[in-house]
Structures are given as C-alpha cells and as structure tokens.
file model29.tsv (TSV, C-alpha atoms)
chain	number	residue	atom	x	y	z
L	1	MET	CA	-17.71	-99.21	178.68
L	2	THR	CA	-20.43	-101.87	178.87
L	3	GLU	CA	-20.59	-102.16	175.09
L	4	PHE	CA	-16.83	-102.44	174.84
L	5	LYS	CA	-16.84	-105.29	177.37
L	6	LYS	CA	-19.62	-107.03	175.45
L	7	TYR	CA	-17.60	-106.70	172.27
L	8	THR	CA	-14.36	-108.07	173.75
L	9	ASP	CA	-15.85	-110.89	175.85
L	10	PRO	CA	-15.89	-113.40	172.93
L	11	TYR	CA	-12.15	-112.88	172.38
L	12	ASN	CA	-11.12	-114.57	175.65
L	13	PRO	CA	-10.33	-111.52	177.82
L	14	GLU	CA	-8.03	-113.51	180.12
L	15	ALA	CA	-5.62	-114.41	177.30
L	16	VAL	CA	-2.39	-112.43	177.73
L	17	LYS	CA	-2.51	-110.50	174.46
L	18	VAL	CA	-6.24	-109.79	174.68
L	19	LYS	CA	-6.00	-108.58	178.27
L	20	LEU	CA	-3.06	-106.39	177.24
L	21	LYS	CA	-5.21	-104.55	174.70
L	22	ILE	CA	-8.25	-104.31	176.97
L	23	ASP	CA	-6.18	-102.75	179.75
L	24	HIS	CA	-4.47	-100.46	177.24
L	25	THR	CA	-7.84	-99.31	175.91
L	26	TYR	CA	-9.18	-98.27	179.30
L	27	ARG	CA	-5.98	-96.45	180.19
L	28	VAL	CA	-5.91	-94.58	176.88
L	29	ALA	CA	-9.55	-93.56	177.33
L	30	ASP	CA	-8.81	-92.21	180.81
L	31	LEU	CA	-5.75	-90.34	179.53
L	32	CYS	CA	-7.81	-88.83	176.70
L	33	GLU	CA	-10.24	-87.47	179.26
L	34	ILE	CA	-7.43	-86.17	181.48
L	35	ILE	CA	-5.83	-84.32	178.56
L	36	ALA	CA	-9.20	-82.96	177.38
L	37	ARG	CA	-9.99	-81.64	180.87
L	38	SER	CA	-6.55	-80.04	181.10
L	39	LEU	CA	-7.57	-78.03	178.03
L	40	LEU	CA	-10.76	-76.93	179.82
L	41	LEU	CA	-12.94	-78.42	177.09
L	42	PRO	CA	-16.71	-78.65	177.65
L	43	GLU	CA	-18.12	-81.86	179.08
L	44	GLU	CA	-19.38	-83.23	175.75
L	45	ASP	CA	-15.92	-82.80	174.26
L	46	CYS	CA	-14.34	-84.61	177.20
L	47	GLU	CA	-16.81	-87.45	176.64
L	48	PHE	CA	-15.96	-87.52	172.93
L	49	ALA	CA	-12.24	-87.70	173.74
L	50	TRP	CA	-12.83	-90.53	176.24
L	51	LEU	CA	-14.85	-92.51	173.71
L	52	SER	CA	-12.15	-92.07	171.06
L	53	GLY	CA	-9.82	-93.86	173.47
L	54	ILE	CA	-12.31	-96.68	173.97
L	55	LEU	CA	-12.72	-97.17	170.22
L	56	HIS	CA	-9.23	-96.50	168.88
L	57	ASP	CA	-7.88	-100.07	169.02
L	58	ILE	CA	-11.07	-102.04	168.55
L	59	GLY	CA	-9.59	-103.63	165.44
L	60	ARG	CA	-6.76	-105.14	167.50
L	61	PHE	CA	-8.96	-108.02	168.60
L	62	GLU	CA	-9.85	-109.02	165.05
L	63	GLN	CA	-6.23	-108.51	164.04
L	64	LEU	CA	-5.17	-111.00	166.71
L	65	ARG	CA	-7.92	-113.47	165.81
L	66	ARG	CA	-7.16	-113.35	162.09
L	67	TYR	CA	-3.37	-113.04	162.07
L	68	HIS	CA	-2.27	-114.11	165.60
L	69	THR	CA	-0.10	-111.00	165.96
L	70	PHE	CA	-0.22	-107.29	166.75
L	71	GLN	CA	2.54	-106.54	164.26
L	72	ASP	CA	0.96	-104.34	161.60
L	73	ARG	CA	3.91	-104.79	159.25
L	74	ILE	CA	3.14	-108.50	158.82
L	75	SER	CA	-0.65	-108.38	159.14
L	76	VAL	CA	-2.85	-105.31	158.71
L	77	ASN	CA	-2.88	-101.64	159.70
L	78	HIS	CA	-4.80	-101.86	162.97
L	79	ALA	CA	-6.02	-98.25	162.87
L	80	GLU	CA	-7.48	-98.74	159.39
L	81	LEU	CA	-9.08	-101.99	160.51
L	82	SER	CA	-10.55	-100.31	163.59
L	83	ALA	CA	-12.06	-97.50	161.51
L	84	ASP	CA	-13.39	-99.93	158.89
L	85	LEU	CA	-15.04	-102.17	161.48
L	86	LEU	CA	-16.62	-99.17	163.18
L	87	PHE	CA	-17.77	-97.14	160.20
L	88	LYS	CA	-17.81	-99.43	157.15
L	89	ASP	CA	-17.69	-103.22	157.29
L	90	GLU	CA	-19.78	-103.95	160.39
L	91	GLN	CA	-20.98	-100.49	161.42
L	92	LEU	CA	-19.96	-101.24	164.99
L	93	ILE	CA	-20.34	-97.56	165.78
L	94	ASP	CA	-24.10	-98.10	166.08
L	95	ARG	CA	-23.44	-100.06	169.28
L	96	PHE	CA	-21.57	-97.14	170.85
L	97	ASP	CA	-23.66	-94.30	169.41
L	98	PRO	CA	-27.20	-95.69	169.09
L	99	ASP	CA	-28.81	-92.25	169.16
L	100	ARG	CA	-26.44	-90.88	166.49
L	101	LYS	CA	-25.44	-87.94	168.69
L	102	MET	CA	-21.77	-88.19	167.83
L	103	ASP	CA	-19.91	-86.39	165.05
L	104	ARG	CA	-19.20	-89.68	163.31
L	105	GLU	CA	-17.18	-88.19	160.48
L	106	MET	CA	-14.77	-86.63	162.95
L	107	MET	CA	-14.58	-89.76	165.09
L	108	GLU	CA	-13.70	-91.85	162.04
L	109	LYS	CA	-10.80	-89.53	161.23
L	110	VAL	CA	-9.59	-89.59	164.82
L	111	ILE	CA	-9.57	-93.41	164.85
L	112	ARG	CA	-8.16	-93.84	161.35
L	113	TYR	CA	-5.29	-91.39	161.85
L	114	HIS	CA	-4.26	-92.32	165.36
L	115	ASN	CA	-1.16	-94.26	164.26
L	116	VAL	CA	0.00	-92.33	161.20
L	117	TYR	CA	3.54	-90.96	161.21
L	118	ILE	CA	2.33	-87.43	160.40
L	119	LEU	CA	-1.27	-86.21	160.46
L	120	PRO	CA	-2.54	-85.38	156.96
L	121	ASP	CA	-3.33	-81.85	155.85
L	122	GLY	CA	-6.87	-80.62	155.39
L	123	GLN	CA	-8.21	-81.17	158.89
L	124	THR	CA	-10.10	-78.53	160.80
L	125	ASP	CA	-8.55	-77.23	164.03
L	126	ARG	CA	-11.16	-79.18	165.98
L	127	GLU	CA	-10.45	-82.44	164.16
L	128	ARG	CA	-6.72	-82.01	164.64
L	129	MET	CA	-7.18	-81.31	168.35
L	130	PHE	CA	-9.05	-84.55	168.96
L	131	CYS	CA	-6.57	-86.48	166.81
L	132	GLU	CA	-3.71	-85.08	168.87
L	133	ILE	CA	-5.45	-85.84	172.17
L	134	LEU	CA	-5.84	-89.50	171.19
L	135	ARG	CA	-2.36	-89.76	169.71
L	136	ASP	CA	-0.80	-88.32	172.87
L	137	ALA	CA	-2.80	-90.61	175.14
L	138	ASP	CA	-1.93	-93.66	173.04
L	139	LYS	CA	1.78	-92.85	173.08
L	140	ILE	CA	1.81	-92.28	176.83
L	141	ASP	CA	0.30	-95.68	177.53
L	142	ILE	CA	2.38	-97.52	174.94
L	143	ILE	CA	5.43	-96.37	176.88
L	144	ARG	CA	3.87	-97.95	179.99
L	145	VAL	CA	3.04	-101.17	178.13
L	146	ASN	CA	6.66	-101.53	177.07
L	147	CYS	CA	7.67	-101.56	180.73
L	148	GLU	CA	4.91	-103.66	182.27
L	149	THR	CA	4.46	-106.31	179.57
L	150	PRO	CA	7.21	-108.75	178.51
L	151	ARG	CA	8.57	-107.44	175.22
L	152	THR	CA	8.65	-110.98	173.89
L	153	GLU	CA	4.84	-110.92	174.10
L	154	ILE	CA	4.51	-107.51	172.48
L	155	TYR	CA	6.85	-108.04	169.55
L	156	ASP	CA	6.80	-111.83	169.12
L	157	LEU	CA	10.61	-111.89	169.31
L	158	PRO	CA	13.00	-113.81	171.60
L	159	GLU	CA	14.77	-111.85	174.34
L	160	LYS	CA	18.13	-112.10	172.56
L	161	ALA	CA	16.62	-110.15	169.66
L	162	PHE	CA	16.58	-107.18	172.05
L	163	THR	CA	19.61	-107.61	174.29
L	164	ASP	CA	22.02	-108.50	171.46
L	165	SER	CA	20.71	-106.16	168.76
L	166	TYR	CA	22.29	-103.11	167.17
L	167	ILE	CA	20.61	-99.77	166.52
L	168	THR	CA	19.88	-99.15	162.85
L	169	ASP	CA	21.64	-96.01	161.57
L	170	GLU	CA	18.43	-94.28	160.42
L	171	VAL	CA	16.78	-94.96	163.78
L	172	TYR	CA	19.73	-93.48	165.63
L	173	GLU	CA	19.75	-90.40	163.40
L	174	ASP	CA	16.03	-89.84	163.93
L	175	ILE	CA	16.09	-90.09	167.70
L	176	MET	CA	19.24	-87.99	168.08
L	177	GLY	CA	17.65	-85.43	165.77
L	178	SER	CA	14.73	-85.02	168.19
L	179	GLY	CA	12.25	-86.66	165.87
L	180	ASN	CA	9.75	-89.47	166.06
L	181	ILE	CA	11.30	-92.55	164.47
L	182	ASP	CA	9.84	-93.55	161.13
L	183	ARG	CA	8.70	-97.11	161.83
L	184	THR	CA	9.76	-98.23	158.34
L	185	TYR	CA	13.38	-97.81	159.52
L	186	SER	CA	13.00	-100.19	162.45
L	187	LYS	CA	14.62	-103.57	161.83
L	188	THR	CA	15.92	-104.81	165.20
L	189	GLY	CA	14.55	-105.34	168.69
L	190	ILE	CA	16.18	-102.23	170.13
L	191	ASP	CA	14.88	-100.23	167.14
L	192	TYR	CA	11.31	-101.03	168.22
L	193	ILE	CA	11.98	-99.94	171.78
L	194	LEU	CA	13.59	-96.71	170.60
L	195	GLY	CA	10.61	-96.08	168.35
L	196	HIS	CA	8.47	-95.91	171.46
L	197	ILE	CA	10.99	-93.88	173.44
L	198	SER	CA	10.94	-91.32	170.63
L	199	PHE	CA	7.21	-90.81	171.21
L	200	VAL	CA	8.10	-88.10	173.71
L	201	TYR	CA	9.16	-85.84	170.83
L	202	GLY	CA	5.70	-85.95	169.30
L	203	LEU	CA	3.67	-85.18	172.41
L	204	VAL	CA	1.61	-82.05	171.82
L	205	PHE	CA	0.02	-81.04	175.12
L	206	PRO	CA	1.72	-79.93	178.36
L	207	GLU	CA	-0.40	-82.41	180.33
L	208	SER	CA	0.95	-85.22	178.16
L	209	ILE	CA	4.53	-84.32	179.03
L	210	ARG	CA	3.54	-84.07	182.69
L	211	GLN	CA	1.96	-87.53	182.60
L	212	VAL	CA	5.03	-89.12	181.00
L	213	LYS	CA	7.37	-87.57	183.53
L	214	SER	CA	5.20	-88.35	186.57
L	215	GLN	CA	4.54	-91.96	185.52
L	216	GLY	CA	8.28	-92.57	185.14
L	217	TYR	CA	8.07	-95.40	182.63
L	218	ILE	CA	10.14	-93.50	180.08
L	219	TYR	CA	13.10	-93.55	182.48
L	220	ARG	CA	12.76	-97.31	182.89
L	221	LEU	CA	12.84	-97.74	179.10
L	222	LEU	CA	15.93	-95.57	178.92
L	223	GLY	CA	17.58	-97.96	181.37
L	224	PHE	CA	17.58	-100.73	178.75
L	225	LYS	CA	20.46	-103.16	179.26
L	226	SER	CA	22.24	-104.38	176.14
L	227	ASN	CA	24.96	-106.96	175.47
L	228	ASN	CA	25.93	-105.11	172.29
L	229	GLN	CA	28.70	-102.63	173.08
L	230	ASP	CA	27.86	-100.31	170.21
L	231	THR	CA	24.27	-100.18	171.45
L	232	VAL	CA	25.48	-99.50	175.02
L	233	LYS	CA	27.45	-96.47	173.82
L	234	LYS	CA	24.64	-95.10	171.69
L	235	MET	CA	22.07	-95.63	174.46
L	236	GLN	CA	24.14	-93.40	176.73
L	237	PHE	CA	23.84	-90.52	174.24
L	238	ILE	CA	20.14	-91.25	173.67
L	239	ARG	CA	19.47	-91.29	177.41
L	240	GLU	CA	21.11	-87.90	177.88
L	241	LYS	CA	19.24	-86.48	174.90
L	242	ILE	CA	15.78	-87.63	176.05
L	243	ILE	CA	16.24	-86.67	179.70
L	244	ASN	CA	17.41	-83.20	178.69
L	245	TYR	CA	14.43	-82.85	176.35
L	246	LEU	CA	11.97	-83.78	179.10
L	247	GLU	CA	13.58	-81.42	181.59
L	248	CYS	CA	13.25	-78.54	179.14
L	249	ALA	CA	9.79	-79.43	177.85

call {"tool": "encode", "arguments": {"input": "model29.tsv", "output": "structure tokens"}}
result
Amino acid sequence: MTEFKKYTDPYNPEAVKVKLKIDHTYRVADLCEIIARSLLLPEEDCEFAWLSGILHDIGRFEQLRRYHTFQDRISVNHAELSADLLFKDEQLIDRFDPDRKMDREMMEKVIRYHNVYILPDGQTDRERMFCEILRDADKIDIIRVNCETPRTEIYDLPEKAFTDSYITDEVYEDIMGSGNIDRTYSKTGIDYILGHISFVYGLVFPESIRQVKSQGYIYRLLGFKSNNQDTVKKMQFIREKIINYLECA
C-alpha cells in the first residue's frame, strides 16, 4: 500500500478523477481479499489476490495524464497499459515485488485480462481463479462508483446524455438475455449504465453476489430516472429481470 501511494502521489491525489481511481483501487483490493478468504484459500493466495486489486488499474493514472480521460474507446486499453507498465515498459512490478517472490507470469495475466469481455482459453485452473476473483471484485466496486460518483465525471458526458437517451437494441437484447453487455454495442449514456448493471450476470463466486446484494448499489442503479418514455418502459422490464436474477442467485 505504501508503494502504491508513492506511485500515485505525483498525479495529484486530490483531483476528482485521480481520487476516484485511488479509492476504487483500495476497495477492489479489499474485495479481492474478501472473496479469496470466502474460498478458504491459504494466506499467501489471499495476499496475492489483494495485491492484484492494488495493481489492476495502475495504468489509469497514466491514461488520465496522457489522454485526459478514462474512456478506453477513445484513448487506450487501460488493462493492457497497466500490464505493460508493470511488466514491460517500466518494470514497475519491481517496486511491489522487490524480492521476486510473486508468480509474475500469473499476475501479468490477471492484470491484463481483468477487463476482457470473455477470458481467453488456455489458462490453468489457478490462473482462471485469480482472474475471476479480480474481475468479480472490480465489477462489484464499479457498480458502487456509478452510484457515488457523478456520471458526468465518469463518462465525460452531460447529464442530458443519460436522462434523454434511448437504449440501443443490441444492449437491450444482451441484458434481457441474461448476458454481460458487449461494450462495443454501447452508444448512449443509458447504454453505459446498463453495461455496468449487467455485471451481475458475470459474477462467479457466491460471496460476490452476496456483496452486491448487501451493498445495495445495484438497486440504486436500477432506479435510474429517464425522460425518454421508451427507456422508461424498457427499464421496468430490466429492473424486474435483474432483481429476479439476484433473488435466485
């Protein structure tokens, strides 16, 4: 945690967007540990899971400095940038693993794959487990971020881009089909919000579902108020679908 603070200090930690990612990082790390402990993993594995949370978004700060946005679609894939900064370009991993005790190859995969739509084939069961722990933790806290941080700050869009927007057909089909929304389909403000609501479908571990339900942020997102009547109607069906899914999960 000390090394992470040292790394982020030059990026102006009190700036809204920087503080957003710092707070997100600590919460994801804690959630990784909570999920790992729920699986009764040994202490060193719980520590590995926690550190994956600390490192997963380290590229976000350079992304913001270079491109002044967190929108990957108009800048750079932040997971790829995080992995490259840690294991290739600057070898930042040496700051967090000076004694080289970590399975660095596995950690690189966990960081690099944390935002992919579907995990690639060819991973060991152990690699996939740590990837899924981080992905679950990240999704859980992104749902929180969407409630506690003004969406205009997150998405760099005016409020009317959310309240007046329609739901893209492919996005609606994905979420009503109980699937994570393919981000390439998202075109409008409400699409982006629904993309994060759909995260519940991809949660792997029982503790992850428990955390989402107990935190309650998903229900606040489902209460989205729209001025677009077509969106209002579709949100009613989406709300029923997600709530039923969580009750049965």

call {"tool": "residues_around", "arguments": {"input": "model29.tsv", "residues": "L:Asp230", "least_positions_apart": "6", "cutoff": "10 Å", "atoms": "all atoms listed in the file", "output": "compact mmCIF listing (two decimals) with C-alpha atoms, in the frame of the given file"}}
result
# COMPACT_ATOMS: atom_id res chain seq x y z
CA SER L 165 20.71 -106.16 168.76
CA TYR L 166 22.29 -103.11 167.17
CA ILE L 167 20.61 -99.77 166.52

call {"tool": "atom_distance", "arguments": {"input": "model29.tsv", "atom1": "atom CA of L:Val116", "atom2": "atom CA of L:His78"}}
result
10.8 Å

call {"tool": "closest_residue", "arguments": {"input": "model29.tsv", "among": "L:Ile238, L:Ile140, L:Ile118, L:Glu62", "to": "L:Arg210", "atoms": "all atoms listed in the file"}}
result
L:Ile140

call {"tool": "residues_around", "arguments": {"input": "model29.tsv", "residues": "L:Asn227", "least_positions_apart": "2", "cutoff": "9 Å", "atoms": "all atoms listed in the file", "output": "list in words"}}
result
Thr163, Asp164, Ser165, Lys225, Gln229, Asp230, Thr231 and Val232 of chain L

call {"tool": "write_last_selection", "arguments": {"input": "model29.tsv", "atoms": "C-alpha atoms", "output": "JSON list (two decimals), in the coordinates of the input"}}
result
[["chain", "number", "residue", "atom", "x", "y", "z"],
["L", 163, "THR", "CA", 19.61, -107.61, 174.29],
["L", 164, "ASP", "CA", 22.02, -108.50, 171.46],
["L", 165, "SER", "CA", 20.71, -106.16, 168.76],
["L", 225, "LYS", "CA", 20.46, -103.16, 179.26],
["L", 229, "GLN", "CA", 28.70, -102.63, 173.08],
["L", 230, "ASP", "CA", 27.86, -100.31, 170.21],
["L", 231, "THR", "CA", 24.27, -100.18, 171.45],
["L", 232, "VAL", "CA", 25.48, -99.50, 175.02]]

call {"tool": "residues_near_point", "arguments": {"input": "model29.tsv", "point": "(13.9, -86.2, 165.3)", "cutoff": "12 Å", "atoms": "all atoms listed in the file", "output": "PDB file with C-alpha atoms, in the frame of the given file"}}
result
ATOM      1  CA  GLU L 170      18.430 -94.280 160.420  1.00  0.00           C
ATOM      2  CA  VAL L 171      16.780 -94.960 163.780  1.00  0.00           C
ATOM      3  CA  TYR L 172      19.730 -93.480 165.630  1.00  0.00           C
ATOM      4  CA  GLU L 173      19.750 -90.400 163.400  1.00  0.00           C
ATOM      5  CA  ASP L 174      16.030 -89.840 163.930  1.00  0.00           C
ATOM      6  CA  ILE L 175      16.090 -90.090 167.700  1.00  0.00           C
ATOM      7  CA  MET L 176      19.240 -87.990 168.080  1.00  0.00           C
ATOM      8  CA  GLY L 177      17.650 -85.430 165.770  1.00  0.00           C
ATOM      9  CA  SER L 178      14.730 -85.020 168.190  1.00  0.00           C
ATOM     10  CA  GLY L 179      12.250 -86.660 165.870  1.00  0.00           C
ATOM     11  CA  ASN L 180       9.750 -89.470 166.060  1.00  0.00           C
ATOM     12  CA  ILE L 181      11.300 -92.550 164.470  1.00  0.00           C
ATOM     13  CA  ASP L 182       9.840 -93.550 161.130  1.00  0.00           C
ATOM     14  CA  LEU L 194      13.590 -96.710 170.600  1.00  0.00           C
ATOM     15  CA  GLY L 195      10.610 -96.080 168.350  1.00  0.00           C
ATOM     16  CA  ILE L 197      10.990 -93.880 173.440  1.00  0.00           C
ATOM     17  CA  SER L 198      10.940 -91.320 170.630  1.00  0.00           C
ATOM     18  CA  PHE L 199       7.210 -90.810 171.210  1.00  0.00           C
ATOM     19  CA  VAL L 200       8.100 -88.100 173.710  1.00  0.00           C
ATOM     20  CA  TYR L 201       9.160 -85.840 170.830  1.00  0.00           C
ATOM     21  CA  GLY L 202       5.700 -85.950 169.300  1.00  0.00           C
ATOM     22  CA  ILE L 238      20.140 -91.250 173.670  1.00  0.00           C
ATOM     23  CA  LYS L 241      19.240 -86.480 174.900  1.00  0.00           C
ATOM     24  CA  ILE L 242      15.780 -87.630 176.050  1.00  0.00           C
ATOM     25  CA  TYR L 245      14.430 -82.850 176.350  1.00  0.00           C
TER      26      TYR L 245
END

call {"tool": "atom_distance", "arguments": {"input": "model29.tsv", "atom1": "atom CA of L:Leu203", "atom2": "atom CA of L:Tyr219"}}
result
16.1 Å

call {"tool": "axis_aligned_box", "arguments": {"input": "model29.tsv", "around": "stretch 180-195 of chain L", "padding_each_side": "3 Å", "output": "JSON"}}
result
{"center_x": 12.4, "center_y": -97.4, "center_z": 165.1, "size_x": 13.5, "size_y": 21.9, "size_z": 19.4}

call {"tool": "residues_around", "arguments": {"input": "model29.tsv", "residues": "L:Met107", "least_positions_apart": "6", "cutoff": "9 Å", "atoms": "all atoms listed in the file", "output": "list in words"}}
result
Phe48, Ser52, Ala83, Glu127, Phe130 and Cys131 of chain L

call {"tool": "closest_residue", "arguments": {"input": "model29.tsv", "among": "L:Ile243, L:Leu85, L:Lys234, L:Ile133", "to": "L:Tyr7", "atoms": "only C-alpha atoms"}}
result
L:Leu85

call {"tool": "atom_distance", "arguments": {"input": "model29.tsv", "atom1": "atom CA of L:His56", "atom2": "atom CA of L:Ile111"}}
result
5.1 Å

call {"tool": "residues_near_point", "arguments": {"input": "model29.tsv", "point": "(8.3, -97.2, 175.4)", "cutoff": "6 Å", "atoms": "all atoms listed in the file", "output": "list in words"}}
result
Ile142, Ile143, Asn146, Ile193, His196, Ile197 and Leu221 of chain L

call {"tool": "decode", "arguments": {"input": "model29.tsv", "residues": "stretch 84-95 of chain L", "atoms": "all heavy atoms", "output": "tab-separated table (two decimals), in the first residue's frame"}}
result
chain	number	residue	atom	x	y	z
L	84	ASP	N	1.49	-3.51	-19.17
L	84	ASP	CA	2.72	-3.10	-19.84
L	84	ASP	C	3.61	-2.27	-18.91
L	84	ASP	O	4.83	-2.46	-18.87
L	84	ASP	CB	2.41	-2.30	-21.10
L	84	ASP	CG	1.87	-3.18	-22.23
L	84	ASP	OD1	1.99	-4.42	-22.13
L	84	ASP	OD2	1.32	-2.62	-23.20
L	85	LEU	N	3.00	-1.35	-18.17
L	85	LEU	CA	3.79	-0.54	-17.23
L	85	LEU	C	4.41	-1.41	-16.14
L	85	LEU	O	5.55	-1.18	-15.73
L	85	LEU	CB	2.91	0.53	-16.59
L	85	LEU	CG	2.46	1.69	-17.48
L	85	LEU	CD1	1.43	2.56	-16.76
L	85	LEU	CD2	3.65	2.54	-17.91
L	86	LEU	N	3.67	-2.40	-15.70
L	86	LEU	CA	4.15	-3.26	-14.61
L	86	LEU	C	5.22	-4.24	-15.07
L	86	LEU	O	6.24	-4.42	-14.39
L	86	LEU	CB	2.98	-4.04	-14.01
L	86	LEU	CG	2.04	-3.25	-13.10
L	86	LEU	CD1	0.74	-4.01	-12.91
L	86	LEU	CD2	2.71	-2.99	-11.74
L	87	PHE	N	5.01	-4.85	-16.23
L	87	PHE	CA	5.85	-5.99	-16.60
L	87	PHE	C	6.72	-5.77	-17.84
L	87	PHE	O	7.55	-6.62	-18.15
L	87	PHE	CB	4.97	-7.22	-16.81
L	87	PHE	CG	4.21	-7.62	-15.58
L	87	PHE	CD1	2.89	-7.23	-15.40
L	87	PHE	CD2	4.83	-8.34	-14.57
L	87	PHE	CE1	2.18	-7.59	-14.26
L	87	PHE	CE2	4.14	-8.69	-13.42
L	87	PHE	CZ	2.82	-8.32	-13.27
L	88	LYS	N	6.53	-4.65	-18.54
L	88	LYS	CA	7.31	-4.43	-19.75
L	88	LYS	C	8.00	-3.07	-19.75
L	88	LYS	O	9.18	-2.96	-19.46
L	88	LYS	CB	6.42	-4.58	-21.00
L	88	LYS	CG	5.95	-6.02	-21.23
L	88	LYS	CD	5.17	-6.14	-22.54
L	88	LYS	CE	4.79	-7.59	-22.79
L	88	LYS	NZ	4.03	-7.74	-24.06
L	89	ASP	N	7.24	-2.03	-20.04
L	89	ASP	CA	7.82	-0.71	-20.30
L	89	ASP	C	8.70	-0.20	-19.15
L	89	ASP	O	9.85	0.16	-19.36
L	89	ASP	CB	6.72	0.32	-20.58
L	89	ASP	CG	5.85	-0.08	-21.76
L	89	ASP	OD1	6.31	-0.93	-22.55
L	89	ASP	OD2	4.73	0.43	-21.89
L	90	GLU	N	8.14	-0.14	-17.95
L	90	GLU	CA	8.85	0.45	-16.81
L	90	GLU	C	9.19	-0.55	-15.72
L	90	GLU	O	9.82	-0.19	-14.72
L	90	GLU	CB	8.03	1.60	-16.23
L	90	GLU	CG	7.79	2.73	-17.23
L	90	GLU	CD	7.04	3.90	-16.62
L	90	GLU	OE1	7.03	4.00	-15.37
L	90	GLU	OE2	6.46	4.70	-17.37
L	91	GLN	N	8.75	-1.78	-15.87
L	91	GLN	CA	9.01	-2.82	-14.86
L	91	GLN	C	8.62	-2.34	-13.45
L	91	GLN	O	9.35	-2.56	-12.47
L	91	GLN	CB	10.47	-3.24	-14.90
L	91	GLN	CG	10.87	-4.03	-16.14
L	91	GLN	CD	10.27	-5.43	-16.15
L	91	GLN	OE1	10.40	-6.17	-15.17
L	91	GLN	NE2	9.62	-5.80	-17.24
L	92	LEU	N	7.46	-1.72	-13.37
L	92	LEU	CA	7.00	-1.22	-12.08
L	92	LEU	C	6.82	-2.33	-11.05
L	92	LEU	O	6.82	-2.07	-9.85
L	92	LEU	CB	5.68	-0.46	-12.24
L	92	LEU	CG	5.71	0.90	-12.94
L	92	LEU	CD1	4.30	1.45	-13.04
L	92	LEU	CD2	6.61	1.87	-12.21
L	93	ILE	N	6.67	-3.54	-11.53
L	93	ILE	CA	6.44	-4.66	-10.61
L	93	ILE	C	7.58	-4.82	-9.61
L	93	ILE	O	7.38	-5.30	-8.49
L	93	ILE	CB	6.22	-5.98	-11.40
L	93	ILE	CG1	5.65	-7.07	-10.49
L	93	ILE	CG2	7.50	-6.41	-12.08
L	93	ILE	CD1	4.30	-6.73	-9.90
L	94	ASP	N	8.78	-4.37	-9.99
L	94	ASP	CA	9.92	-4.47	-9.07
L	94	ASP	C	9.69	-3.66	-7.79
L	94	ASP	O	10.25	-3.98	-6.74
L	94	ASP	CB	11.20	-3.98	-9.76
L	94	ASP	CG	11.68	-4.95	-10.83
L	94	ASP	OD1	11.32	-6.14	-10.76
L	94	ASP	OD2	12.41	-4.52	-11.74
L	95	ARG	N	8.87	-2.62	-7.88
L	95	ARG	CA	8.59	-1.81	-6.69
L	95	ARG	C	7.65	-2.54	-5.73
L	95	ARG	O	7.66	-2.30	-4.53
L	95	ARG	CB	7.96	-0.47	-7.10
L	95	ARG	CG	8.91	0.40	-7.91
L	95	ARG	CD	8.25	1.68	-8.41
L	95	ARG	NE	7.71	2.51	-7.36
L	95	ARG	CZ	7.26	3.76	-7.54
L	95	ARG	NH1	7.30	4.29	-8.76
L	95	ARG	NH2	6.77	4.45	-6.53
